[in-house]
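Let me begin by presenting the structure, written as structure tokens, before commenting on it.
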Amino acid sequence: MSAQLAAYSTSTGEAFQFWVLGTVAVIGALSTVFMKRSVHSALSLAGTMIILAVFYLANGAYFLGIVQIVVYTGAIMMLFLFVVMLVGVTAADSLTETIKGQRWLALVCGLGFGILLFAGIGNASLTEFNGLAAANAGGNVEGLAALIFTKYVFAFEITGALLITAAVGAMVLTHRERTERALTQREMSEKRVREGKHLPPLPAPGVYARHNAVDIAGLLPDGTPSELTVNRTLRDRGQIRDVSTEALSDLKALEQRAEERLERTKTEEASK
């Protein structure tokens, strides 16, 4: 088989990979649109991006595949998730349009993107191409850099400006204006005194000096565990280890050994 025929042919492994991963990618893309929760949509989009990275790696675009995973999936998608959590988007958000005509604008943009997609597929199907060997002759990174900074430099700069705008918009959305004056430290201390809260620092967790785990309550002088020594979240979850009985028994054994040692010392001094 000649090199040109090999470039146009598809092996069984490539076809299997395309149909399996392509189906999963389409399902993830549809889930991104139709999921009710924003976090679930973001996770579906992250899965689709990972599959696209696999496609890039399988087609010899090693640099694009690594960038797709590290930058887009690992950085931008995680940033999107953090923004969603900070903004507080829930399923109960109102579906009322805040900007009139945005649905029609989104429909026009989607139609334009579909036209560009079919045009690109048609151009790749009807025209001749050099293949991976010629494209990566000088190295995949070098060939990609030559195209980005010469033929597609304008599109590259527009994409960078779009990402910067998205980052600034995320910071604006997460900003909250304070509606009341912030209390000073003196005012906060006076408020705690008036409310009768625990004024000194909370006691440390653990049973005396023999345990320092955060899930073990400390003992008061009478042997009862103190609820102030453990975190309220652990207490609500039921993740506190109750070792008060064990600690008291160990303490009694320690005191008994100390008394026996003192008696032994007194007996030795008396015999001398």
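In the structure tokens, chains take the letters A, B, ... in the order shown, each chain's residues start at 1, and ligands count up from 1 in the order shown.
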inquiry  = Based on the backbone DSSP call, show me all residues of stretch 24-134 of chain A assigned helix (DSSP H, G or I), as a PyMOL selection string.
reply    = chain A and resi 24-34+38-58+62-87+102-126+132-134
inquiry  = Which residues are close to stretch 61-67 of chain A, i.e. within 7 Å by only C-alpha atoms, leaving aside same-chain residues fewer than 6 positions away? Reply as a VMD selection string.
reply    = chain A and resid 53 to 54 140 to 141
